[in-house]
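*Asks:* The structure file input.txt (compact mmCIF, C-alpha atoms) is provided below.
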# COMPACT_ATOMS: atom_id res chain seq x y z
CA MET A 8 -17.64 -39.38 9.43
CA VAL A 9 -20.53 -37.04 8.74
CA ASN A 10 -23.67 -39.16 8.98
CA PRO A 11 -27.04 -37.44 9.55
CA GLY A 12 -28.86 -40.77 9.93
CA ASN A 13 -29.13 -44.38 8.89
CA ALA A 14 -31.26 -43.81 5.78
CA HIS A 15 -28.47 -42.61 3.52
CA TRP A 16 -28.04 -44.36 0.20
CA LEU A 17 -24.85 -42.55 -0.88
CA THR A 18 -21.45 -42.74 0.78
CA ILE A 19 -18.76 -40.30 -0.33
CA ILE A 20 -15.21 -41.50 0.34
CA GLY A 21 -12.14 -39.29 0.26
CA TRP A 22 -9.84 -41.22 -2.04
CA GLY A 23 -6.10 -40.99 -2.57
CA GLU A 24 -3.26 -42.44 -4.60
CA ARG A 25 -2.90 -45.46 -2.28
CA GLY A 26 -6.41 -46.73 -2.99
CA THR A 27 -7.90 -49.06 -0.37
CA SER A 28 -4.67 -49.15 1.64
CA GLY A 29 -5.09 -45.46 2.41
CA ILE A 30 -8.67 -45.46 3.75
CA THR A 31 -10.24 -46.26 7.11
CA PRO A 32 -11.95 -49.56 7.98
CA ALA A 33 -15.31 -47.78 7.85
CA SER A 34 -14.63 -46.59 4.30
CA LEU A 35 -13.48 -50.07 3.31
CA ASN A 36 -16.69 -51.55 4.75
CA ALA A 37 -18.79 -49.11 2.67
CA LEU A 38 -16.92 -50.19 -0.47
CA GLU A 39 -17.52 -53.86 0.27
CA GLN A 40 -21.28 -53.29 0.70
CA ALA A 41 -21.70 -51.03 -2.32
CA GLU A 42 -23.82 -52.04 -5.31
CA ILE A 43 -22.44 -49.23 -7.48
CA ILE A 44 -19.13 -47.35 -7.25
CA PHE A 45 -18.55 -44.09 -9.11
CA GLY A 46 -15.13 -42.54 -9.56
CA ALA A 47 -12.92 -40.59 -11.93
CA HIS A 48 -10.63 -42.56 -14.21
CA ARG A 49 -7.56 -41.99 -12.04
CA HIS A 50 -9.49 -43.07 -8.93
CA LEU A 51 -10.66 -46.29 -10.52
CA LYS A 52 -7.12 -47.18 -11.63
CA VAL A 53 -6.21 -47.91 -8.00
CA LEU A 54 -9.50 -49.65 -7.14
CA SER A 55 -9.51 -53.46 -7.04
CA GLY A 56 -11.11 -56.36 -5.21
CA VAL A 57 -14.71 -55.12 -5.30
CA ASP A 58 -17.86 -56.86 -6.58
CA ALA A 59 -19.86 -53.70 -7.26
CA ASP A 60 -20.81 -52.23 -10.61
CA VAL A 61 -17.92 -49.78 -11.22
CA ARG A 62 -18.70 -46.70 -13.33
CA GLU A 63 -16.38 -43.96 -14.50
CA TRP A 64 -17.45 -40.38 -13.69
CA PRO A 65 -17.63 -38.26 -16.86
CA VAL A 66 -15.91 -34.98 -17.73
CA PRO A 67 -17.12 -32.30 -17.24
CA PHE A 68 -18.06 -33.14 -13.68
CA ALA A 69 -21.64 -31.80 -13.82
CA GLU A 70 -22.63 -34.40 -16.43
CA GLY A 71 -22.27 -37.15 -13.84
CA VAL A 72 -24.75 -35.73 -11.34
CA PRO A 73 -27.91 -37.00 -13.16
CA MET A 74 -26.27 -40.43 -13.48
CA LEU A 75 -25.69 -40.49 -9.73
CA LEU A 76 -29.18 -39.29 -8.80
CA ALA A 77 -30.73 -41.93 -11.06
CA GLU A 78 -29.39 -44.58 -8.64
CA ARG A 79 -31.12 -43.07 -5.59
CA GLY A 80 -32.23 -45.87 -3.28
CA ARG A 81 -29.39 -48.27 -4.08
CA ARG A 82 -26.16 -48.62 -2.09
CA VAL A 83 -23.84 -46.23 -3.90
CA VAL A 84 -20.28 -45.15 -3.17
CA MET A 85 -18.61 -42.19 -4.83
CA LEU A 86 -14.84 -41.82 -4.74
CA VAL A 87 -13.61 -38.23 -4.65
CA SER A 88 -10.19 -36.70 -4.10
CA GLY A 89 -9.01 -36.14 -0.54
CA ASP A 90 -11.27 -33.87 1.48
CA PRO A 91 -14.49 -33.52 -0.58
CA PHE A 92 -15.39 -30.17 0.98
CA TRP A 93 -12.11 -28.36 0.38
CA PHE A 94 -12.12 -27.39 -3.32
CA GLY A 95 -13.70 -30.80 -3.87
CA ALA A 96 -16.78 -32.48 -5.26
CA GLY A 97 -18.71 -32.55 -2.01
CA THR A 98 -19.94 -28.97 -2.32
CA VAL A 99 -21.40 -29.62 -5.78
CA LEU A 100 -23.08 -32.88 -4.80
CA ALA A 101 -24.60 -31.49 -1.60
CA ARG A 102 -26.63 -28.99 -3.64
CA HIS A 103 -28.59 -31.88 -5.17
CA LEU A 104 -29.11 -33.99 -2.05
CA ASP A 105 -30.95 -33.83 1.23
CA PRO A 106 -28.54 -34.18 4.20
CA SER A 107 -30.21 -37.44 5.19
CA GLU A 108 -29.29 -39.04 1.86
CA TRP A 109 -25.53 -39.16 2.20
CA ALA A 110 -22.66 -39.92 4.54
CA ILE A 111 -19.02 -38.98 4.09
CA TYR A 112 -15.58 -40.25 5.09
CA PRO A 113 -13.11 -37.44 4.27
CA GLY A 114 -9.50 -38.21 3.45
CA PRO A 115 -6.40 -36.03 3.79
CA SER A 116 -6.62 -33.05 1.45
CA THR A 117 -3.90 -32.35 -1.09
CA PHE A 118 -3.20 -29.16 0.85
CA SER A 119 -2.56 -31.14 4.04
CA LEU A 120 -0.31 -33.60 2.24
CA ALA A 121 1.62 -30.83 0.49
CA ALA A 122 2.08 -28.84 3.70
CA SER A 123 3.41 -31.92 5.48
CA ARG A 124 5.96 -32.57 2.73
CA LEU A 125 7.18 -28.96 2.77
CA ALA A 126 6.89 -28.53 6.57
CA TRP A 127 4.69 -25.45 6.07
CA GLY A 128 2.04 -24.42 8.55
CA LEU A 129 -1.33 -24.44 6.82
CA GLU A 130 -2.58 -21.65 9.07
CA SER A 131 -0.01 -19.29 7.55
CA THR A 132 -0.21 -20.55 3.95
CA GLN A 133 -2.67 -19.33 1.32
CA CYS A 134 -4.44 -22.27 -0.35
CA LEU A 135 -5.85 -21.83 -3.86
CA GLY A 136 -7.80 -24.24 -6.05
CA LEU A 137 -6.97 -23.31 -9.64
CA HIS A 138 -7.51 -26.73 -11.21
CA ALA A 139 -10.81 -25.51 -12.68
CA ALA A 140 -10.32 -21.72 -12.56
CA PRO A 141 -8.30 -19.14 -14.52
CA LEU A 142 -4.68 -19.05 -13.41
CA THR A 143 -4.81 -15.24 -13.27
CA ARG A 144 -6.73 -15.53 -9.99
CA ILE A 145 -3.39 -15.95 -8.29
CA ARG A 146 -2.43 -12.31 -9.02
CA PRO A 147 -3.62 -10.67 -5.76
CA PHE A 148 -1.70 -13.26 -3.72
CA LEU A 149 1.70 -12.60 -5.31
CA GLN A 150 3.25 -10.81 -2.35
CA PRO A 151 7.02 -11.29 -1.81
CA GLY A 152 7.78 -13.53 1.14
CA GLN A 153 4.38 -15.26 1.07
CA ARG A 154 3.82 -19.00 0.68
CA LEU A 155 1.04 -20.38 -1.51
CA LEU A 156 -0.26 -23.90 -2.11
CA VAL A 157 -2.00 -24.17 -5.48
CA LEU A 158 -3.95 -27.05 -7.02
CA LEU A 159 -3.52 -27.30 -10.82
CA ARG A 160 -5.20 -29.33 -13.52
CA ASP A 161 -2.05 -30.90 -15.05
CA GLY A 162 1.61 -30.46 -15.95
CA GLY A 163 0.81 -28.03 -18.73
CA ALA A 164 -0.69 -25.67 -16.17
CA VAL A 165 2.60 -25.71 -14.25
CA ALA A 166 4.42 -24.28 -17.26
CA GLU A 167 1.61 -21.82 -17.98
CA LEU A 168 1.54 -20.51 -14.43
CA GLY A 169 5.32 -20.17 -14.36
CA ARG A 170 5.24 -18.04 -17.50
CA GLN A 171 2.46 -15.87 -16.08
CA ILE A 172 4.23 -15.33 -12.77
CA THR A 173 7.42 -14.41 -14.61
CA GLN A 174 5.54 -11.97 -16.84
CA TRP A 175 4.30 -10.18 -13.71
CA GLY A 176 7.88 -9.83 -12.48
CA PHE A 177 8.06 -12.69 -9.98
CA GLY A 178 10.40 -14.99 -11.93
CA PRO A 179 12.61 -15.85 -8.90
CA THR A 180 9.60 -17.42 -7.15
CA VAL A 181 10.47 -20.94 -5.99
CA MET A 182 8.03 -23.54 -7.32
CA HIS A 183 7.87 -26.85 -5.47
CA ILE A 184 6.18 -29.30 -7.85
CA LEU A 185 4.32 -31.94 -5.81
CA GLU A 186 3.12 -34.89 -7.90
CA ALA A 187 0.83 -37.83 -7.06
CA LEU A 188 1.08 -37.18 -3.34
CA ASP A 189 0.75 -40.16 -0.98
CA GLY A 190 1.02 -42.66 -3.80
CA PRO A 191 3.80 -44.97 -5.05
CA GLY A 192 4.64 -42.42 -7.76
CA GLU A 193 4.92 -39.46 -5.40
CA ARG A 194 7.60 -36.98 -6.43
CA LEU A 195 8.76 -33.54 -5.28
CA ARG A 196 10.87 -31.33 -7.54
CA ARG A 197 11.92 -27.70 -7.27
CA ILE A 198 12.47 -25.03 -9.91
CA ASN A 199 12.07 -21.27 -10.22
CA ALA A 200 9.08 -19.81 -12.01
CA ASP A 201 11.30 -18.48 -14.80
CA GLN A 202 12.71 -21.95 -15.52
CA SER A 203 11.15 -24.54 -17.81
CA PRO A 204 9.39 -27.27 -15.79
CA PRO A 205 9.88 -30.99 -16.48
CA ASP A 206 7.73 -32.38 -19.29
CA ASP A 207 6.70 -35.49 -17.32
CA VAL A 208 4.72 -33.93 -14.47
CA GLN A 209 2.27 -36.47 -13.05
CA HIS A 210 -1.34 -35.79 -12.11
CA PRO A 211 -2.63 -34.89 -9.56
CA VAL A 212 -0.24 -31.98 -9.21
CA ALA A 213 0.07 -29.13 -6.73
CA LEU A 214 2.55 -26.30 -6.42
CA GLY A 215 4.12 -24.84 -3.33
CA LEU A 216 5.17 -21.28 -4.15
CA GLU A 217 7.61 -19.12 -2.22
CA VAL A 218 6.93 -15.76 -3.80
CA ALA A 219 9.94 -13.62 -4.72
CA GLY A 220 10.87 -11.03 -7.32
CA GLU A 221 10.67 -7.34 -8.14
CA GLY A 222 7.19 -7.43 -9.67
CA PRO A 223 4.77 -4.96 -8.14
CA PRO A 224 2.45 -6.58 -5.57
CA LEU A 225 -1.13 -5.38 -5.40
CA PRO A 226 -1.65 -3.10 -2.40
CA CYS A 227 -3.80 -4.54 0.36
CA THR A 228 -5.78 -1.31 0.79
CA ALA A 229 -8.14 0.57 -1.52
CA GLY A 230 -6.55 2.90 -4.04
CA ILE A 231 -4.45 0.73 -6.36
CA PRO A 232 -2.09 2.90 -8.45
CA ASP A 233 -3.53 3.87 -11.84
CA ASP A 234 -0.64 2.14 -13.64
CA PHE A 235 -2.15 -1.25 -12.81
CA PHE A 236 -5.09 -0.46 -15.09
CA GLU A 237 -5.33 -0.17 -18.85
CA HIS A 238 -7.40 2.96 -19.51
CA ASP A 239 -8.05 5.82 -21.94
CA GLY A 240 -8.22 8.49 -19.27
CA GLN A 241 -11.72 7.46 -18.18
CA ILE A 242 -10.70 6.13 -14.79
CA THR A 243 -11.52 7.15 -11.25
CA LYS A 244 -8.05 8.28 -10.18
CA GLN A 245 -6.23 6.58 -7.34
CA SER A 246 -6.85 9.12 -4.56
CA VAL A 247 -10.51 9.65 -5.50
CA ARG A 248 -10.98 5.90 -5.90
CA ALA A 249 -9.63 5.23 -2.40
CA LEU A 250 -12.16 7.67 -0.93
CA THR A 251 -14.92 6.30 -3.16
CA LEU A 252 -14.30 2.71 -2.02
CA SER A 253 -14.26 3.89 1.57
CA ALA A 254 -17.66 5.54 1.04
CA LEU A 255 -19.06 2.46 -0.73
CA ALA A 256 -17.85 0.37 2.26
CA PRO A 257 -17.88 -3.13 0.68
CA LYS A 258 -18.83 -5.99 2.97
CA ALA A 259 -18.43 -9.71 2.37
CA GLY A 260 -20.87 -11.14 -0.18
CA GLU A 261 -22.30 -7.81 -1.33
CA ARG A 262 -23.10 -6.78 -4.92
CA LEU A 263 -22.09 -3.48 -6.54
CA TRP A 264 -23.60 -1.71 -9.51
CA ASP A 265 -20.85 0.31 -11.19
CA ILE A 266 -22.61 2.69 -13.59
CA GLY A 267 -20.27 4.17 -16.17
CA ALA A 268 -17.66 1.52 -15.40
CA GLY A 269 -14.95 2.94 -17.69
CA SER A 270 -11.76 1.00 -16.91
CA GLY A 271 -13.57 -1.07 -14.29
CA ALA A 272 -11.24 0.14 -11.54
CA VAL A 273 -13.91 0.69 -8.87
CA SER A 274 -15.59 -2.67 -9.59
CA ILE A 275 -12.26 -4.47 -9.53
CA GLU A 276 -11.28 -3.02 -6.18
CA TRP A 277 -14.74 -3.85 -4.83
CA LEU A 278 -14.18 -7.49 -5.86
CA LEU A 279 -10.67 -7.54 -4.42
CA ALA A 280 -12.11 -6.51 -1.05
CA HIS A 281 -13.56 -10.02 -0.53
CA PRO A 282 -13.69 -13.16 -2.72
CA ASP A 283 -17.47 -13.53 -2.23
CA ASN A 284 -18.24 -10.04 -3.51
CA GLN A 285 -20.03 -9.49 -6.81
CA ALA A 286 -20.03 -6.54 -9.19
CA ILE A 287 -21.87 -5.60 -12.36
CA GLY A 288 -20.29 -2.89 -14.49
CA PHE A 289 -22.56 -0.96 -16.85
CA GLU A 290 -20.76 0.73 -19.74
CA ALA A 291 -22.15 2.35 -22.89
CA SER A 292 -18.85 2.01 -24.82
CA VAL A 293 -18.11 -1.44 -26.23
CA GLU A 294 -14.40 -0.64 -26.32
CA ARG A 295 -14.32 0.44 -22.68
CA ALA A 296 -16.32 -2.58 -21.56
CA ALA A 297 -13.78 -4.86 -23.25
CA ARG A 298 -10.96 -2.93 -21.60
CA ALA A 299 -12.59 -3.31 -18.18
CA ALA A 300 -12.88 -7.07 -18.76
CA ARG A 301 -9.16 -7.27 -19.58
CA ASN A 302 -8.30 -5.34 -16.43
CA ALA A 303 -10.43 -7.68 -14.33
CA ARG A 304 -8.72 -10.76 -15.74
CA SER A 305 -5.21 -9.36 -15.32
CA LEU A 306 -5.85 -8.43 -11.69
CA GLY A 307 -7.39 -11.76 -10.76
CA VAL A 308 -11.12 -10.98 -10.55
CA ASP A 309 -12.40 -12.46 -13.81
CA TRP A 310 -15.93 -12.82 -12.37
CA LEU A 311 -16.67 -9.12 -12.94
CA ALA A 312 -19.92 -9.01 -14.96
CA LEU A 313 -20.10 -6.33 -17.66
CA VAL A 314 -23.28 -5.15 -19.34
CA GLU A 315 -23.09 -2.90 -22.39
CA GLY A 316 -25.67 -0.18 -22.75
CA GLN A 317 -26.91 3.19 -21.60
CA ALA A 318 -28.25 3.72 -18.09
CA PRO A 319 -30.90 3.76 -16.82
CA GLU A 320 -32.39 1.49 -19.53
CA VAL A 321 -29.60 -1.07 -19.18
CA LEU A 322 -30.35 -1.57 -15.48
CA ALA A 323 -33.62 -3.37 -16.18
CA ASN A 324 -33.88 -7.00 -15.02
CA GLN A 325 -30.50 -6.94 -13.28
CA PRO A 326 -30.13 -8.44 -9.78
CA LEU A 327 -30.44 -5.68 -7.20
CA PRO A 328 -27.31 -4.28 -5.57
CA ASP A 329 -26.23 -3.52 -2.03
CA ALA A 330 -24.31 -0.47 -3.24
CA VAL A 331 -24.24 1.70 -6.37
CA PHE A 332 -21.42 3.81 -7.74
CA ILE A 333 -22.14 6.41 -10.43
CA GLY A 334 -18.89 7.34 -12.12
CA GLY A 335 -20.36 8.34 -15.47
CA GLY A 336 -23.67 9.01 -17.14
CA LEU A 337 -25.09 10.95 -14.19
CA SER A 338 -28.52 12.39 -15.04
CA GLN A 339 -31.86 13.29 -13.53
CA ALA A 340 -33.42 10.27 -15.24
CA LEU A 341 -30.80 7.91 -13.78
CA LEU A 342 -31.17 9.17 -10.23
CA GLN A 343 -34.96 9.06 -10.48
CA ALA A 344 -34.87 5.50 -11.83
CA LEU A 345 -32.56 4.37 -9.05
CA TRP A 346 -34.71 5.94 -6.38
CA GLU A 347 -37.84 4.30 -7.73
CA ARG A 348 -36.34 0.86 -8.14
CA LEU A 349 -33.82 0.30 -5.35
CA PRO A 350 -34.97 -1.14 -2.02
CA GLN A 351 -34.37 0.60 1.25
CA GLY A 352 -30.82 0.48 2.59
CA VAL A 353 -28.79 0.59 -0.67
CA ARG A 354 -25.71 2.79 -0.45
CA ILE A 355 -25.24 5.20 -3.38
CA VAL A 356 -22.04 7.11 -4.12
CA ALA A 357 -22.03 9.52 -7.07
CA ASN A 358 -19.03 11.51 -8.31
CA ALA A 359 -19.47 14.70 -10.34
CA VAL A 360 -16.82 16.82 -12.06
CA THR A 361 -18.84 19.14 -14.34
CA LEU A 362 -20.84 22.15 -13.18
CA GLU A 363 -24.03 20.61 -14.55
CA SER A 364 -23.62 17.31 -12.71
CA GLU A 365 -22.47 19.16 -9.60
CA SER A 366 -25.67 21.22 -9.65
CA LEU A 367 -27.73 18.06 -10.03
CA LEU A 368 -26.13 16.44 -6.99
CA MET A 369 -26.71 19.57 -4.94
CA GLN A 370 -30.42 19.44 -5.80
CA TRP A 371 -30.71 15.76 -4.88
CA HIS A 372 -28.73 16.29 -1.69
CA GLN A 373 -31.13 19.02 -0.65
CA ALA A 374 -34.13 16.83 -1.44
CA ARG A 375 -32.90 13.43 -0.21
CA GLY A 376 -30.23 14.20 2.38
CA GLY A 377 -27.06 12.20 2.73
CA GLU A 378 -23.60 13.73 2.71
CA LEU A 379 -22.15 16.05 0.07
CA VAL A 380 -18.35 16.20 -0.03
CA HIS A 381 -15.98 18.43 -1.99
CA LEU A 382 -12.76 16.66 -2.94
CA ALA A 383 -9.84 18.73 -4.20
CA PHE A 384 -6.34 17.46 -4.92
CA SER A 385 -3.15 19.22 -5.98
CA SER A 386 0.26 17.83 -6.78
CA ALA A 387 3.63 19.57 -6.90
CA GLY A 388 4.97 20.35 -10.38
CA PRO A 389 7.49 22.58 -12.13
CA ILE A 390 6.81 26.27 -12.70
CA GLY A 391 9.84 27.42 -14.64
CA PRO A 392 12.89 26.77 -12.45
CA ARG A 393 10.72 26.41 -9.33
CA ARG A 394 7.82 24.29 -8.20
CA GLY A 395 4.20 24.96 -7.47
CA TRP A 396 0.88 23.25 -6.90
CA LYS A 397 -0.96 21.93 -9.95
CA ALA A 398 -4.63 21.46 -9.15
CA GLN A 399 -6.74 18.59 -10.46
CA TYR A 400 -10.40 19.02 -11.30
CA PRO A 401 -12.35 19.07 -8.03
CA ILE A 402 -14.86 16.30 -7.38
CA ILE A 403 -18.26 16.64 -5.76
CA GLN A 404 -19.24 13.35 -4.14
CA TRP A 405 -22.72 12.56 -2.88
CA ARG A 406 -23.10 9.73 -0.41
CA VAL A 407 -26.62 8.65 0.48
CA THR A 408 -28.57 5.56 1.55
CA THR A 409 -31.97 4.87 0.00
Write out the structure in this file as structure tokens.
*Replies:*
Amino acid sequence: MVNPGNAHWLTIIGWGERGTSGITPASLNALEQAEIIFGAHRHLKVLSGVDADVREWPVPFAEGVPMLLAERGRRVVMLVSGDPFWFGAGTVLARHLDPSEWAIYPGPSTFSLAASRLAWGLESTQCLGLHAAPLTRIRPFLQPGQRLLVLLRDGGAVAELGRQITQWGFGPTVMHILEALDGPGERLRRINADQSPPDDVQHPVALGLEVAGEGPPLPCTAGIPDDFFEHDGQITKQSVRALTLSALAPKAGERLWDIGAGSGAVSIEWLLAHPDNQAIGFEASVERAARAARNARSLGVDWLALVEGQAPEVLANQPLPDAVFIGGGLSQALLQALWERLPQGVRIVANAVTLESESLLMQWHQARGGELVHLAFSSAGPIGPRRGWKAQYPIIQWRVTT
């Protein structure tokens, strides 16, 4: 039990499908002393033998928080699924409460129950909570041979995820459908992702996935092949992008400004580097901004923020970054605006391909320092019956810290 003191008015109990028979004596004692008990509809269905005022928690979840806080000072119990601080309600509630106000009795998480049924080691299994998130967030984790445990909202999501996985080329993936774990209606069934699931899947539901198939997995290093992105030619190409991401050096929890986002490729790879990373893509073209958003969704980083407009004007009132990439729209005005606004320590990487933008970066390098790099790539191609090197446009890259 987490209990910062004796003054708490709220007790959070990890609740399962067995109701009171599945909780500890301490949890049972808190229920017996409660004046008010909150819980979702499915939690209250297995609650009996209490004298408290029982209230159903509304949907969406956030609407119940004011109702709970209005009872501050009374003896209140809230029933939440399993372990409240593993993709659970505890994290949301703790934002509104002082630590002295609440105590908690966690229960077994759905992940723990699912792993025990499948005999999978949790330390080597990726756990994802997609019950309230887009299913496309699973995309980076589809690596053949990997095991995933996934929380889903309902049976319809099982079918939807199966179709999505199959569309990506991972139809042979084994899907273990785990329903109503630890309750009298517990059931475990197995199908492949490319098969139709049963139409009577019970909630709560989790999936155990054994990933298989010929679909292309996302590389684990920077420089995803260009074919993964929808683009109109305005994309930082794979080799240049790998070097650009290396220069930007994303760290956990950092924010990127991607100016001239184009296809969104640099922003997307920045976000793939760590789940806590943030990115804002600035793009003057409405069509390209929409394309970048589609790419972000399809590659599992739907939290990419896109702002339409011309830099530097569009940068106003945006949260400050830890790093800036300039892939388009490079100008004297933009560099001057960045230098005036950004705090000390922000990493800037600017790529130039035209003589005019190259000259501009040379001037700024001379004035501000940093590192100026010439990137040149050639690939083998046919020259009549023989082969020769076909050069790409060279790139001048300026790397500097404000």
*Asks:* Quick one: of A:Val99, A:Gly190, A:Asn302, A:Met85, who's nearest to Ser28 (chain A), counting all atoms listed in the file?
*Replies:*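 So, comparing all the options, the nearest one is A:Gly190.
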*Asks:* One decimal, Å: what's the distance from CA of Pro223 (chain A) over to CA of Gln171 (chain A), could you say?
*Replies:* 13.7 Å
*Asks:* Given all atoms listed in the file, how would the per-residue table for region 86-203 of chain A near region 310-328 of chain A read, listing every residue at most 12 Å away with its closest atom pair and distance in Å to one decimal, sorted by chain and number, as a Markdown table?
*Replies:*
| residue | atom | partner | partner_atom | distance |
| --- | --- | --- | --- | --- |
| A:Ala140 | CA | A:Trp310 | CA | 10.5 |
| A:Pro141 | CA | A:Trp310 | CA | 10.1 |
| A:Thr143 | CA | A:Trp310 | CA | 11.4 |
| A:Arg144 | CA | A:Trp310 | CA | 9.9 |
*Asks:* So which residues touch region 40-50 of chain A within 6 Å, counting all atoms listed in the file, skipping near sequence neighbours fewer than 6 positions away, as a ChimeraX atom specification?
*Replies:* /A:59-64,82-86
*Asks:* Using all atoms listed in the file, which protein or nucleic acid residues come within 10 Å of Gln150 (chain A)? Drop anything in the same chain fewer than 2 positions from it, and give the result as a list in words.
*Replies:*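 Answer for this query is Arg146, Pro147, Phe148, Gly152, Gln153, Arg154, Leu155, Phe177, Glu217, Val218, Ala219, Gly220, Gly222, Pro223, Pro224, Leu225, Pro226 and Cys227 of chain A.
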*Asks:* Work out how far CA of Arg248 (chain A) is from CA of Val273 (chain A), in Å to one decimal.
*Replies:*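 Atom-to-atom, CA of Val273 (chain A) to CA of Arg248 (chain A), that is 6.7 Å.
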*Asks:* With distances taken over all atoms listed in the file, which of A:Leu188, A:Val360, A:Leu125, A:Leu278 is nearest to Arg25 (chain A)?
*Replies:*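 Answer, going by the shortest atom-to-atom distance: A:Leu188.
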*Asks:* Pull the closest atom pair for each residue of region 158-275 of chain A that gets at most 10 Å from region 382-391 of chain A, along with the distance in Å to one decimal, counting all atoms listed in the file, ordering rows by chain and then ascending residue number, as a tab-separated table.
*Replies:*
residue	atom	partner	partner_atom	distance
A:Ser246	CA	A:Phe384	CA	8.4
A:Val247	CA	A:Leu382	CA	7.8
A:Leu250	CA	A:Leu382	CA	9.2
*Asks:* For Ala296 (chain A), which residue among A:Pro115, A:Pro282, A:Pro232, A:Gly269 is the nearest when counting all atoms listed in the file?
*Replies:*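 Closest residue, counting all atoms listed in the file: A:Gly269.
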